[in-house]
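One structure is given here, and the rest of the page talks about it.
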Amino acid sequence: MEKLQKKSKLQPRRKNRILYLDILRVLSIIGVIAIHTVAGKAQDINVLGESGWWWANVVNSITRWAVPVFFMISGALILDSPHLDNIPHFIKSRFLKVGIPFLIWSIIYSLIMQIYILGNKIHFPEILGILFMNILLDKSYYHLWFVYDIFIIYLISPLLKKIVVHSTKKEFEYWLGLWFVSTILYTLIQSLVAFFGGPAYFYVHILNIPFAFGLSGYCILGYYLHHNDLSKKMRIIIYIGALISVLLTVFGTYFISISKNTLNEGLYSHFAVTTVTISIAIFIAAKNINWNGFLTESFQKLLGTLSNATYGIYLIHMVLIIDFSGRLTFLAEKSYAFYTIALIIISFTLSFVLVKLIQLIPRVGKHLI
């Protein structure tokens with residue numbers, strides 16, 4: 001029986017980094033920062049169609065692959081981990097590495113929201129209840145939704161590993177086909193019905209396929225693409241599809257938003273056909289480039305260091321965007337594009353510096369970020 005056991009030459013090992021996954025992780029965190037930087041402008045219906053809005057729309061359209069690729073990287077690495085065989089140890093280690101920093105930064109963002117943004121005064125013990133409910137209901141700050149979902153992926157990863165390890169290649173592709181139907185196709189149908197005046201959500205029973213829905217599909221997709229090489233012809237088709245998808249996202253978002261007089265984010269969705277096509281193209285392009293041919297060893301080490309810091313950067317970067325978006329308004333008045341580029345660079349760089357500084361704190365630094 002043909003098992004999906006063919007290991008890539010880039011098979012993950014604890015001591016040997018996988019260069020293309022490091023590159024993808026660094027590019028993905030930059031993409032996430034870019035999305036958050038232009039979010040306000042893209043949602044401002046009053047400037048829809050103006051140059052600043054077009055810039056925000058283009059940035060959104062070419063970076064929406066970032067979160068799906070994060071999940072694909074997780075699948076490529078975690079589903080190979082021998083630690084998944086010891087579920088209590090795996091969950092404990094994930095909570096220490098991901099959960100504790102998340103709780104700390106959830107509190108920080110809740111306080112920022114209450115004091116800095118809303119201008120509320122802190123009163124005890126009421127603030128304790130607010131903090132608890134914010135963390136429980138994912139209301140600390142909007143970008144933290146990602147951590148909730150990644151921890152859900154951790155919880156089901158031991159089960160997902162059983163699927164990928166014991167499946168033949170055809171069985172693997174069958175599961176991905178079910179995921180595409182229940183998630184990507186379902187999302188497309190919902191969007192089309194809503195566009196033509198139907199309900200924003202409706203239930204299609206036959207497309208409600210258990211255990212083949214949501215972001216877990218990106219994890220299994222990442223594992224599949226990491227361990228299987230696509231033909232050159234197939235890669236070219238995907239690259240062309242990705243280019244078309246970018247154009248569809250840019251112009252489709254504009255025309256749909258104009259017709260509805262509000263920003264329509266359907267083509268920005270993680271489960272849009274356009275997004276999944278672009279995400280696959282980015283992943284396989286990074287995998288098939290011979291990075292060792294032109295990246296020096298020292299630069300590869302830097303990429304590894306940046307890659308290791310991406311979770312901390314994700315947690316911190318919104319603090320810097322909140323702060324510097326006000327400080328750099330003089331740039332926005334001259335050039336919105338230059339303003340966003342400056343904000344992205346500052347947020348990424350300072351977040352990385354802060355991560356490294358926090359990690360230097362004795363005993364507790366590694367638990368803060």
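By convention in this document, the chains of the structure tokens carry letters A, B, ... by their order, each chain's residues are numbered from 1, and ligands are numbered from 1 in the order they are shown.
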Picked from segment 48-217 of chain A by DSSP as helix (DSSP H, G or I), as number ranges by chain: A: 51-63, 66-78, 82-85, 87-117, 126-136, 142-166, 169-195, 205-207, 216-217
Those same residues, written as a compact mmCIF listing (two decimals), in the first residue's frame with C-alpha atoms?
```txt
# COMPACT_ATOMS: atom_id res chain seq x y z
CA SER A 51 -5.58 56.40 -3.90
CA GLY A 52 -5.07 55.61 -0.21
CA TRP A 53 -7.90 53.09 -0.23
CA TRP A 54 -6.55 51.46 -3.38
CA TRP A 55 -3.17 51.07 -1.72
CA ALA A 56 -4.78 49.46 1.32
CA ASN A 57 -6.82 47.19 -0.94
CA VAL A 58 -3.76 46.07 -2.90
CA VAL A 59 -1.76 45.43 0.30
CA ASN A 60 -4.66 43.39 1.68
CA SER A 61 -5.02 41.44 -1.54
CA ILE A 62 -1.35 40.43 -1.77
CA THR A 63 -0.90 39.50 1.93
CA ALA A 66 -0.13 35.08 5.53
CA VAL A 67 -2.41 33.46 8.12
CA PRO A 68 -3.20 30.35 6.03
CA VAL A 69 0.52 29.84 5.43
CA PHE A 70 1.14 30.10 9.20
CA PHE A 71 -1.23 27.17 9.66
CA MET A 72 0.37 25.31 6.76
CA ILE A 73 3.79 25.71 8.41
CA SER A 74 2.35 24.41 11.67
CA GLY A 75 1.01 21.35 9.88
CA ALA A 76 4.30 20.69 8.11
CA LEU A 77 6.20 20.76 11.39
CA ILE A 78 3.87 19.73 14.20
CA PRO A 82 7.22 12.69 18.01
CA HIS A 83 5.91 14.68 20.99
CA LEU A 84 2.38 14.17 19.69
CA ASP A 85 2.64 10.55 20.83
CA ILE A 87 -0.46 13.90 24.51
CA PRO A 88 -0.23 15.25 28.12
CA HIS A 89 3.39 16.30 27.60
CA PHE A 90 2.60 17.90 24.24
CA ILE A 91 -0.36 19.91 25.56
CA LYS A 92 1.63 21.00 28.62
CA SER A 93 4.60 22.14 26.52
CA ARG A 94 2.32 24.03 24.11
CA PHE A 95 0.57 25.78 26.99
CA LEU A 96 3.87 26.84 28.56
CA LYS A 97 5.22 28.10 25.22
CA VAL A 98 2.05 29.60 23.76
CA GLY A 99 -0.61 29.82 26.47
CA ILE A 100 1.21 31.72 29.22
CA PRO A 101 2.49 34.54 26.94
CA PHE A 102 -0.99 34.71 25.41
CA LEU A 103 -2.64 35.19 28.82
CA ILE A 104 -0.15 37.89 29.79
CA TRP A 105 -0.57 39.82 26.54
CA SER A 106 -4.34 39.39 26.61
CA ILE A 107 -4.31 41.23 29.93
CA ILE A 108 -2.02 43.91 28.51
CA TYR A 109 -4.25 44.48 25.47
CA SER A 110 -7.39 44.53 27.61
CA LEU A 111 -5.85 47.26 29.75
CA ILE A 112 -4.74 49.18 26.66
CA MET A 113 -8.27 48.99 25.30
CA GLN A 114 -9.86 50.11 28.56
CA ILE A 115 -7.41 52.88 29.47
CA TYR A 116 -5.71 54.11 26.30
CA ILE A 117 -8.40 53.61 23.65
CA GLU A 126 -14.65 45.18 38.32
CA ILE A 127 -11.55 45.15 36.11
CA LEU A 128 -10.88 41.52 37.08
CA GLY A 129 -14.25 40.52 35.70
CA ILE A 130 -13.60 42.48 32.50
CA LEU A 131 -10.23 40.81 32.03
CA PHE A 132 -11.70 37.36 32.63
CA MET A 133 -14.57 37.85 30.17
CA ASN A 134 -12.31 39.42 27.55
CA ILE A 135 -10.00 36.42 27.62
CA LEU A 136 -12.86 33.91 27.74
CA TYR A 142 -8.94 41.56 17.61
CA HIS A 143 -5.66 40.08 16.40
CA LEU A 144 -5.49 37.55 19.25
CA TRP A 145 -8.12 35.33 17.60
CA PHE A 146 -5.21 33.57 15.91
CA VAL A 147 -3.89 32.20 19.21
CA TYR A 148 -7.25 30.69 20.11
CA ASP A 149 -7.35 28.88 16.77
CA ILE A 150 -3.75 27.71 16.87
CA PHE A 151 -4.31 26.25 20.32
CA ILE A 152 -7.39 24.42 19.01
CA ILE A 153 -5.12 23.00 16.30
CA TYR A 154 -2.73 21.84 19.02
CA LEU A 155 -5.58 20.07 20.81
CA ILE A 156 -6.54 18.07 17.73
CA SER A 157 -3.02 17.58 16.34
CA PRO A 158 -2.56 14.13 17.92
CA LEU A 159 -5.67 13.02 16.03
CA LEU A 160 -4.62 14.74 12.82
CA LYS A 161 -1.29 12.93 13.00
CA LYS A 162 -3.14 9.61 12.97
CA ILE A 163 -4.78 10.66 9.72
CA VAL A 164 -1.63 11.77 7.92
CA VAL A 165 0.62 8.95 9.12
CA HIS A 166 -1.73 6.10 8.30
CA LYS A 169 -1.58 9.42 -0.78
CA LYS A 170 -4.97 8.95 -2.43
CA GLU A 171 -6.72 8.86 0.95
CA PHE A 172 -4.85 12.02 1.87
CA GLU A 173 -6.03 13.75 -1.29
CA TYR A 174 -9.57 12.49 -0.69
CA TRP A 175 -9.57 14.19 2.74
CA LEU A 176 -8.26 17.42 1.22
CA GLY A 177 -11.02 17.18 -1.38
CA LEU A 178 -13.63 16.91 1.37
CA TRP A 179 -12.08 19.94 3.09
CA PHE A 180 -12.18 21.92 -0.13
CA VAL A 181 -15.86 21.12 -0.63
CA SER A 182 -16.97 21.71 2.96
CA THR A 183 -14.87 24.83 3.52
CA ILE A 184 -13.73 26.55 0.33
CA LEU A 185 -16.66 25.67 -1.93
CA TYR A 186 -19.15 26.32 0.88
CA THR A 187 -17.62 29.76 1.46
CA LEU A 188 -17.85 30.55 -2.26
CA ILE A 189 -21.52 29.56 -2.39
CA GLN A 190 -22.29 31.68 0.68
CA SER A 191 -20.58 34.69 -0.88
CA LEU A 192 -22.37 34.34 -4.21
CA VAL A 193 -25.79 33.97 -2.59
CA ALA A 194 -25.18 37.03 -0.39
CA PHE A 195 -23.97 39.06 -3.37
CA HIS A 205 -26.71 20.15 5.06
CA ILE A 206 -24.77 18.05 2.54
CA LEU A 207 -21.76 20.40 2.79
CA SER A 216 -7.28 22.39 10.25
CA GLY A 217 -7.41 21.82 6.49
```
Within 7 Å of segment 276-289 of chain A using only C-alpha atoms, minus same-chain residues under 4 positions, as a PyMOL selection string: chain A and resi 20+65+68-69+238-239+241-242+245+271-272
Could you save those same residues with C-alpha atoms as a PDB file, in the first residue's frame?
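Output (part-v6.pdb):
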```pdb
ATOM      1  CA  TYR A  20      12.108  27.671   3.259  1.00  0.00           C
ATOM      2  CA  TRP A  65      -2.149  34.325   2.399  1.00  0.00           C
ATOM      3  CA  PRO A  68      -3.202  30.350   6.029  1.00  0.00           C
ATOM      4  CA  VAL A  69       0.515  29.842   5.432  1.00  0.00           C
ATOM      5  CA  ILE A 238      -1.091  27.153  -9.661  1.00  0.00           C
ATOM      6  CA  TYR A 239       1.147  30.198 -10.166  1.00  0.00           C
ATOM      7  CA  GLY A 241      -4.116  30.790 -10.833  1.00  0.00           C
ATOM      8  CA  ALA A 242      -2.534  32.783  -8.015  1.00  0.00           C
ATOM      9  CA  SER A 245      -6.575  35.397  -7.900  1.00  0.00           C
ATOM     10  CA  PHE A 271     -11.387  30.393   2.924  1.00  0.00           C
ATOM     11  CA  ALA A 272     -11.905  32.246  -0.352  1.00  0.00           C
TER      12      ALA A 272
END
```
Gly326 of chain A surroundings by only C-alpha atoms, 12 Å radius, close-in-sequence under 5 positions cut, as a list in words: Thr37, Val319, Leu320, Ile321, Leu331, Ala332, Glu333, Tyr339, Thr340 and Leu343 of chain A
Of the listed residues A:Val32, A:Ala342, A:Val364, A:Leu302, that which approaches Leu19 of chain A most closely, counting only C-alpha atoms: A:Leu302
